Amino acid sequence: MTQEIWDDSEGDENDDLFVLFEVSARFFLNSTGPSEFLDRIASIGPDLAPSITEKIDPATGPPGQLFRMLGVAIYKAMPDPDLGYRTRPLPVPGRNDPCICGSGEKYKRCCLRLAQSFDLSNYNMLRHVLDQVSQKDFRDLPGTHVNPVAVADTAAQWFEEGRATRAVALLEPWFTGNATLSGALEPIFDQLMECYRALGNPRKRESLVTKLSERGDKVMRSAALQRRSTMRADRGDYAGAWEAFTAAQRMDPENLSLVALELTLLLSQGNDGQARERARFWLMRLERLRDSDLMPLIEFLRRVRDDPRSALAAADPHHHPALDQLEAMLADAPQCEAHYIIQEFGPGEFVLELDAALRKLEKRWRAHFPDIKPSLTATQSGDDGMWEDPQDWLDILGRNPLCWQSFEVLDDLVLAVDALQAIGTETTLLEPLLARGVALLDANITAVLGGEETLSWLCLENRPALRLLAHRTFRALEDPERGAASDDFIQLAEKLIKLNPGDNHGIRESLSHAYLARGWPEKAIELTGRYPDDFCGPALNRILALVTVGRDADAQSELSANYEGHAVAIKMLLAKKPRQPKSDSAYGIAMGGTQEAWLYRRSSLALWEKGGAIDWLRKACKKLR
């Protein structure tokens, strides 16, 4: 939009124009033609946009005249659903023809100059049209002539307004079906990934990247691989990040977006010297091209060459300057000390209670840091609102070293850093904060508890400490370099279940799987024996462990007791080539459903096939008929 119509310095005028465009979209979709549309805009436009009306010089004519000409620009820019979201042509009068405003003057002497200043060709009018369209109609958009860039921009606007769910409904239909996905959809892909991130849908992000890497054209496959590289780097999996980067580079070696990705990976690993060298190399190549479109990339390269740390922050849209301040504070944090009074509230059950100094400090902390605790047993919240104005809580943290002895504060900081998902913070902040949380838990319980006592999740006071331990345990489970059966994961999972035998976080399935993978079936039997009538995973892992140690009769008895409740999973496990099912619940994975069965088969089939346990299961099932 030209400066005359839309100016970032004129907030009231922009707001009025937005309202005018919204109303214009409704008029457009319901009008019989341009004459009716222009008449209505000329009639009500002055009232809809008073901040513009009051600036009209009366000597130039009535306000309706200006709004009629603005209506012409709006009409010409409005995508029409009946035309596949193409714009409708509107005849322009000749210079000597009567003016379209109805003044009776010749066009050249009336509104020609005014019309030339009303240019909406670069404004996304699609957003206002789609505001009037039902979400179910979004499914038909990919088969129209709608501009994908305008679709992505519309979703971005909704996302910024807190309407991420509607944005997802607009974007997802572009990736259904089996057709090849064009690189023209890259802006839609990028925005959908951002929506999934904000909504806390990592599986959908991974699934979309996989789909595009398999069904995209060269450009789209490269974009998907680049995104996978970034996602792996976010998790601290730099080996996997470089693997995806190399694949993207082979796919589309001339793609200059790979330049920024390569440098970002180097910087996020602390390889500033190598990043500087690569920046100098690319600057020598790109500066001599004198291409204005390359200036943002060239500026980034210059920044890497001159100041690598600031370049990394500038390259990451989620990086916040306060992260550097927090990292420095964490590096200077005092040693972990015991500041909790551990009180018994039941046989063998204890609760973490604050001492007086820590209670007073946490009250001050909560007054400046929003309560972002996740619901139920989740270890992530996705709320990053505390970064909008972090200086108050950073000042409290800086002036009060005692904050570093608080599970509540550490839990808040972990949730905040995790929600931001800034490049590099996995290794510089998230992991160290979680490690401190576990160390602080050890410092508080080892001197008091004898070893058999528990900290129940049902006690709200225990949750910050247990959430820190659970979060670190899940990260160890998902660590691609160490694997799901690593010593780190097993030790953390055992600690979590020992402290909270109710296992509210459901770690026992993964732990029993790790025991089986390490060749420790007796440990799997002991663990799963504590949870009778359990979920699919632990119950079937118990049967597998019993078969592995040769206790076939006990395994047959367990199978008989569990067959009715887990028949879907058992049949899925025995199937030759089952198809991946769709979600069978709108609220997660349904117990006894096909998705639960599929996930168990995917994770555990290899363990059942090893040593022939799958053959035993097939024969044992026949005995039940």
# chains A, B, ... in the order shown; residues from 1 in each chain; ligands from 1
>>> residues_around(residues="Gly84 in chain A", least_positions_apart="3", cutoff="9 Å", atoms="only C-alpha atoms", output="CSV table (one decimal) with all heavy atoms, in the first residue's frame")
chain,number,residue,atom,x,y,z
A,79,PRO,N,-10.0,-10.1,-3.7
A,79,PRO,CA,-10.1,-11.5,-4.3
A,79,PRO,C,-11.5,-12.0,-4.2
A,79,PRO,O,-12.1,-11.9,-3.1
A,79,PRO,CB,-9.1,-12.4,-3.5
A,79,PRO,CG,-8.3,-11.4,-2.7
A,79,PRO,CD,-9.1,-10.2,-2.5
A,80,ASP,N,-12.0,-12.5,-5.3
A,80,ASP,CA,-13.4,-12.9,-5.3
A,80,ASP,C,-13.5,-14.5,-5.3
A,80,ASP,O,-13.0,-15.1,-6.2
A,80,ASP,CB,-14.1,-12.4,-6.6
A,80,ASP,CG,-15.6,-12.6,-6.7
A,80,ASP,OD1,-16.1,-13.5,-5.9
A,80,ASP,OD2,-16.2,-12.0,-7.5
A,81,PRO,N,-14.1,-15.0,-4.2
A,81,PRO,CA,-14.2,-16.5,-4.2
A,81,PRO,C,-14.9,-17.1,-5.4
A,81,PRO,O,-14.6,-18.2,-5.8
A,81,PRO,CB,-15.0,-16.7,-2.9
A,81,PRO,CG,-14.8,-15.5,-2.1
A,81,PRO,CD,-14.6,-14.4,-3.0
A,87,THR,N,-9.0,-11.4,-8.7
A,87,THR,CA,-9.7,-10.1,-8.6
A,87,THR,C,-10.6,-9.8,-9.8
A,87,THR,O,-10.3,-10.3,-10.9
A,87,THR,CB,-8.7,-9.0,-8.4
A,87,THR,OG1,-7.8,-9.0,-9.5
A,87,THR,CG2,-7.9,-9.1,-7.1
A,141,LEU,N,-9.5,-24.1,-0.8
A,141,LEU,CA,-8.6,-23.1,-1.3
A,141,LEU,C,-7.4,-23.6,-2.2
A,141,LEU,O,-7.1,-22.9,-3.2
A,141,LEU,CB,-8.0,-22.3,-0.1
A,141,LEU,CG,-8.9,-21.3,0.5
A,141,LEU,CD1,-8.3,-20.7,1.8
A,141,LEU,CD2,-9.3,-20.2,-0.5
A,143,GLY,N,-7.3,-25.6,-4.5
A,143,GLY,CA,-7.7,-25.8,-5.9
A,143,GLY,C,-8.0,-24.5,-6.6
A,143,GLY,O,-8.5,-24.6,-7.7
A,144,THR,N,-7.8,-23.4,-6.0
A,144,THR,CA,-8.2,-22.1,-6.6
A,144,THR,C,-7.0,-21.3,-7.1
A,144,THR,O,-5.9,-21.9,-7.0
A,144,THR,CB,-9.0,-21.2,-5.5
A,144,THR,OG1,-8.0,-20.8,-4.5
A,144,THR,CG2,-10.1,-22.0,-4.9
A,145,HIS,N,-7.2,-20.1,-7.5
A,145,HIS,CA,-6.1,-19.3,-8.0
A,145,HIS,C,-5.6,-18.3,-6.9
A,145,HIS,O,-4.8,-17.4,-7.2
A,145,HIS,CB,-6.6,-18.4,-9.1
A,145,HIS,CG,-7.0,-19.2,-10.3
A,145,HIS,ND1,-6.1,-19.7,-11.2
A,145,HIS,CD2,-8.3,-19.5,-10.8
A,145,HIS,CE1,-6.8,-20.4,-12.2
A,145,HIS,NE2,-8.1,-20.3,-11.9
A,146,VAL,N,-5.9,-18.6,-5.6
A,146,VAL,CA,-5.5,-17.8,-4.5
A,146,VAL,C,-3.9,-17.7,-4.4
A,146,VAL,O,-3.3,-18.7,-4.7
A,146,VAL,CB,-6.1,-18.3,-3.2
A,146,VAL,CG1,-5.5,-19.6,-2.8
A,146,VAL,CG2,-6.0,-17.2,-2.1
>>> residues_around(residues="range 224-231 of chain A", least_positions_apart="3", cutoff="7 Å", atoms="only C-alpha atoms", output="VMD selection string")
chain A and resid 209 212 to 213 220 to 221 234 to 235 240 to 242 244 to 245 247 to 248
>>> residues_around(residues="Leu458 in chain A", least_positions_apart="6", cutoff="10 Å", atoms="only C-alpha atoms", output="short mmCIF file (atom, residue, chain, number, x, y, z; two decimals) with N, CA, C and O atoms, in the first residue's frame")
data_model
loop_
_atom_site.label_atom_id
_atom_site.label_comp_id
_atom_site.auth_asym_id
_atom_site.auth_seq_id
_atom_site.Cartn_x
_atom_site.Cartn_y
_atom_site.Cartn_z
N VAL A 351 6.73 -34.24 52.06
CA VAL A 351 6.43 -33.05 51.28
C VAL A 351 7.55 -32.04 51.48
O VAL A 351 8.07 -31.88 52.59
N ASN A 500 8.52 -40.97 43.21
CA ASN A 500 7.08 -40.89 42.98
C ASN A 500 6.58 -42.21 42.41
O ASN A 500 6.38 -42.34 41.20
N GLY A 502 3.86 -43.59 42.19
CA GLY A 502 2.63 -43.55 41.40
C GLY A 502 2.90 -43.34 39.93
O GLY A 502 2.02 -43.58 39.09
N ASN A 504 3.18 -40.76 37.88
CA ASN A 504 2.19 -39.94 37.18
C ASN A 504 2.63 -39.54 35.79
O ASN A 504 1.79 -39.24 34.93
#
>>> residues_around(residues="range 181-197 of chain A", least_positions_apart="5", cutoff="9 Å", atoms="only C-alpha atoms", output="PyMOL selection string")
chain A and resi 148-149+151-153+155-156+159+164-165+167-168+171-172+174-175+202-205+208-209+212+215-221+223-224+227+382+421
>>> residues_around(residues="range 598-608 of chain A", least_positions_apart="5", cutoff="12 Å", atoms="only C-alpha atoms", output="PyMOL selection string")
chain A and resi 484+509-510+512-519+521+535-548+566+568-584+589-593+613-618
>>> write_last_selection(atoms="C-alpha atoms", output="PDB file, in the first residue's frame")
ATOM      1  CA  ALA A 484      16.457 -44.416  24.713  1.00  0.00           C
ATOM      2  CA  GLU A 509       6.852 -48.065  29.766  1.00  0.00           C
ATOM      3  CA  SER A 510      10.018 -46.435  28.437  1.00  0.00           C
ATOM      4  CA  SER A 512      10.828 -51.295  30.947  1.00  0.00           C
ATOM      5  CA  HIS A 513      11.616 -50.975  27.234  1.00  0.00           C
ATOM      6  CA  ALA A 514      15.119 -49.757  28.093  1.00  0.00           C
ATOM      7  CA  TYR A 515      15.628 -52.708  30.449  1.00  0.00           C
ATOM      8  CA  LEU A 516      14.628 -55.125  27.674  1.00  0.00           C
ATOM      9  CA  ALA A 517      16.867 -53.379  25.143  1.00  0.00           C
ATOM     10  CA  ARG A 518      19.813 -53.645  27.531  1.00  0.00           C
ATOM     11  CA  GLY A 519      19.148 -57.360  28.159  1.00  0.00           C
ATOM     12  CA  PRO A 521      14.430 -58.704  31.557  1.00  0.00           C
ATOM     13  CA  PHE A 535      -1.511 -49.586  30.045  1.00  0.00           C
ATOM     14  CA  CYS A 536      -0.697 -51.435  26.853  1.00  0.00           C
ATOM     15  CA  GLY A 537       3.076 -50.812  26.809  1.00  0.00           C
ATOM     16  CA  PRO A 538       4.102 -51.934  30.306  1.00  0.00           C
ATOM     17  CA  ALA A 539       1.664 -54.876  30.241  1.00  0.00           C
ATOM     18  CA  LEU A 540       3.013 -56.251  26.959  1.00  0.00           C
ATOM     19  CA  ASN A 541       6.607 -55.526  27.959  1.00  0.00           C
ATOM     20  CA  ARG A 542       6.024 -57.668  31.064  1.00  0.00           C
ATOM     21  CA  ILE A 543       4.841 -60.571  28.913  1.00  0.00           C
ATOM     22  CA  LEU A 544       7.902 -60.155  26.671  1.00  0.00           C
ATOM     23  CA  ALA A 545      10.234 -60.115  29.672  1.00  0.00           C
ATOM     24  CA  LEU A 546       8.659 -63.303  31.069  1.00  0.00           C
ATOM     25  CA  VAL A 547       9.076 -65.057  27.711  1.00  0.00           C
ATOM     26  CA  THR A 548      12.693 -63.861  27.517  1.00  0.00           C
ATOM     27  CA  HIS A 566      -5.092 -54.984  24.834  1.00  0.00           C
ATOM     28  CA  VAL A 568      -6.012 -54.213  19.441  1.00  0.00           C
ATOM     29  CA  ALA A 569      -2.321 -53.793  20.314  1.00  0.00           C
ATOM     30  CA  ILE A 570      -1.645 -57.523  20.242  1.00  0.00           C
ATOM     31  CA  LYS A 571      -3.291 -57.922  16.837  1.00  0.00           C
ATOM     32  CA  MET A 572      -1.385 -54.889  15.529  1.00  0.00           C
ATOM     33  CA  LEU A 573       1.865 -56.391  16.815  1.00  0.00           C
ATOM     34  CA  LEU A 574       1.175 -59.679  14.998  1.00  0.00           C
ATOM     35  CA  ALA A 575      -0.009 -58.083  11.735  1.00  0.00           C
ATOM     36  CA  LYS A 576       2.243 -58.498   8.711  1.00  0.00           C
ATOM     37  CA  LYS A 577       1.943 -55.037   7.126  1.00  0.00           C
ATOM     38  CA  PRO A 578      -0.551 -52.913   9.044  1.00  0.00           C
ATOM     39  CA  ARG A 579      -1.419 -49.422   7.864  1.00  0.00           C
ATOM     40  CA  GLN A 580      -0.726 -46.490  10.130  1.00  0.00           C
ATOM     41  CA  PRO A 581      -4.103 -45.495  11.604  1.00  0.00           C
ATOM     42  CA  LYS A 582      -5.525 -42.011  11.920  1.00  0.00           C
ATOM     43  CA  SER A 583      -5.963 -40.475  15.353  1.00  0.00           C
ATOM     44  CA  ASP A 584      -8.751 -42.252  17.209  1.00  0.00           C
ATOM     45  CA  ILE A 589      -4.287 -41.269  22.294  1.00  0.00           C
ATOM     46  CA  ALA A 590      -7.236 -43.436  23.297  1.00  0.00           C
ATOM     47  CA  MET A 591      -6.538 -46.390  25.599  1.00  0.00           C
ATOM     48  CA  GLY A 592      -7.116 -49.626  23.733  1.00  0.00           C
ATOM     49  CA  GLY A 593      -7.239 -47.755  20.415  1.00  0.00           C
ATOM     50  CA  ALA A 613       9.186 -63.980  21.159  1.00  0.00           C
ATOM     51  CA  ILE A 614       6.830 -62.875  18.383  1.00  0.00           C
ATOM     52  CA  ASP A 615       6.394 -66.498  17.327  1.00  0.00           C
ATOM     53  CA  TRP A 616       5.636 -67.446  20.921  1.00  0.00           C
ATOM     54  CA  LEU A 617       2.981 -64.700  21.049  1.00  0.00           C
ATOM     55  CA  ARG A 618       1.334 -65.916  17.844  1.00  0.00           C
TER      56      ARG A 618
END
>>> residues_around(residues="range 308-312 of chain A", least_positions_apart="6", cutoff="8 Å", atoms="only C-alpha atoms", output="ChimeraX atom specification")
/A:264,267-268,272,275-276,300
>>> write_last_selection(atoms="N, CA and C atoms", output="CSV table (one decimal), in the first residue's frame")
chain,number,residue,atom,x,y,z
A,264,THR,N,24.7,-20.4,11.1
A,264,THR,CA,23.9,-20.5,12.4
A,264,THR,C,24.2,-21.8,13.1
A,267,LEU,N,27.7,-21.2,14.7
A,267,LEU,CA,27.6,-20.3,15.8
A,267,LEU,C,27.0,-20.9,17.0
A,268,SER,N,25.9,-21.7,16.8
A,268,SER,CA,25.2,-22.3,17.9
A,268,SER,C,26.0,-23.4,18.6
A,272,ASP,N,32.9,-20.1,16.5
A,272,ASP,CA,32.9,-18.7,16.0
A,272,ASP,C,34.0,-18.5,15.0
A,275,ALA,N,33.0,-20.0,11.7
A,275,ALA,CA,31.9,-19.2,11.2
A,275,ALA,C,32.4,-18.0,10.5
A,276,ARG,N,33.4,-17.3,11.2
A,276,ARG,CA,34.0,-16.1,10.6
A,276,ARG,C,34.6,-16.4,9.2
A,300,PHE,N,24.0,-10.0,7.2
A,300,PHE,CA,24.2,-11.1,8.2
A,300,PHE,C,25.7,-11.6,8.2
>>> atom_distance(atom1="CA of Trp158 in chain A", atom2="CA of Leu126 in chain A")
12.4 Å
>>> closest_residue(among="A:Ala476, A:Ala198, A:Met251, A:Ala435", to="Asp384 in chain A", atoms="only C-alpha atoms")
A:Ala198
>>> select_by_dssp(residues="range 79-326 of chain A", states="alpha helix (DSSP H)", output="number ranges by chain")
A: 112-117, 126-130, 148-160, 164-171, 186-199, 202-215, 218-234, 238-251, 257-268, 272-286, 295-306, 308-315, 321-326
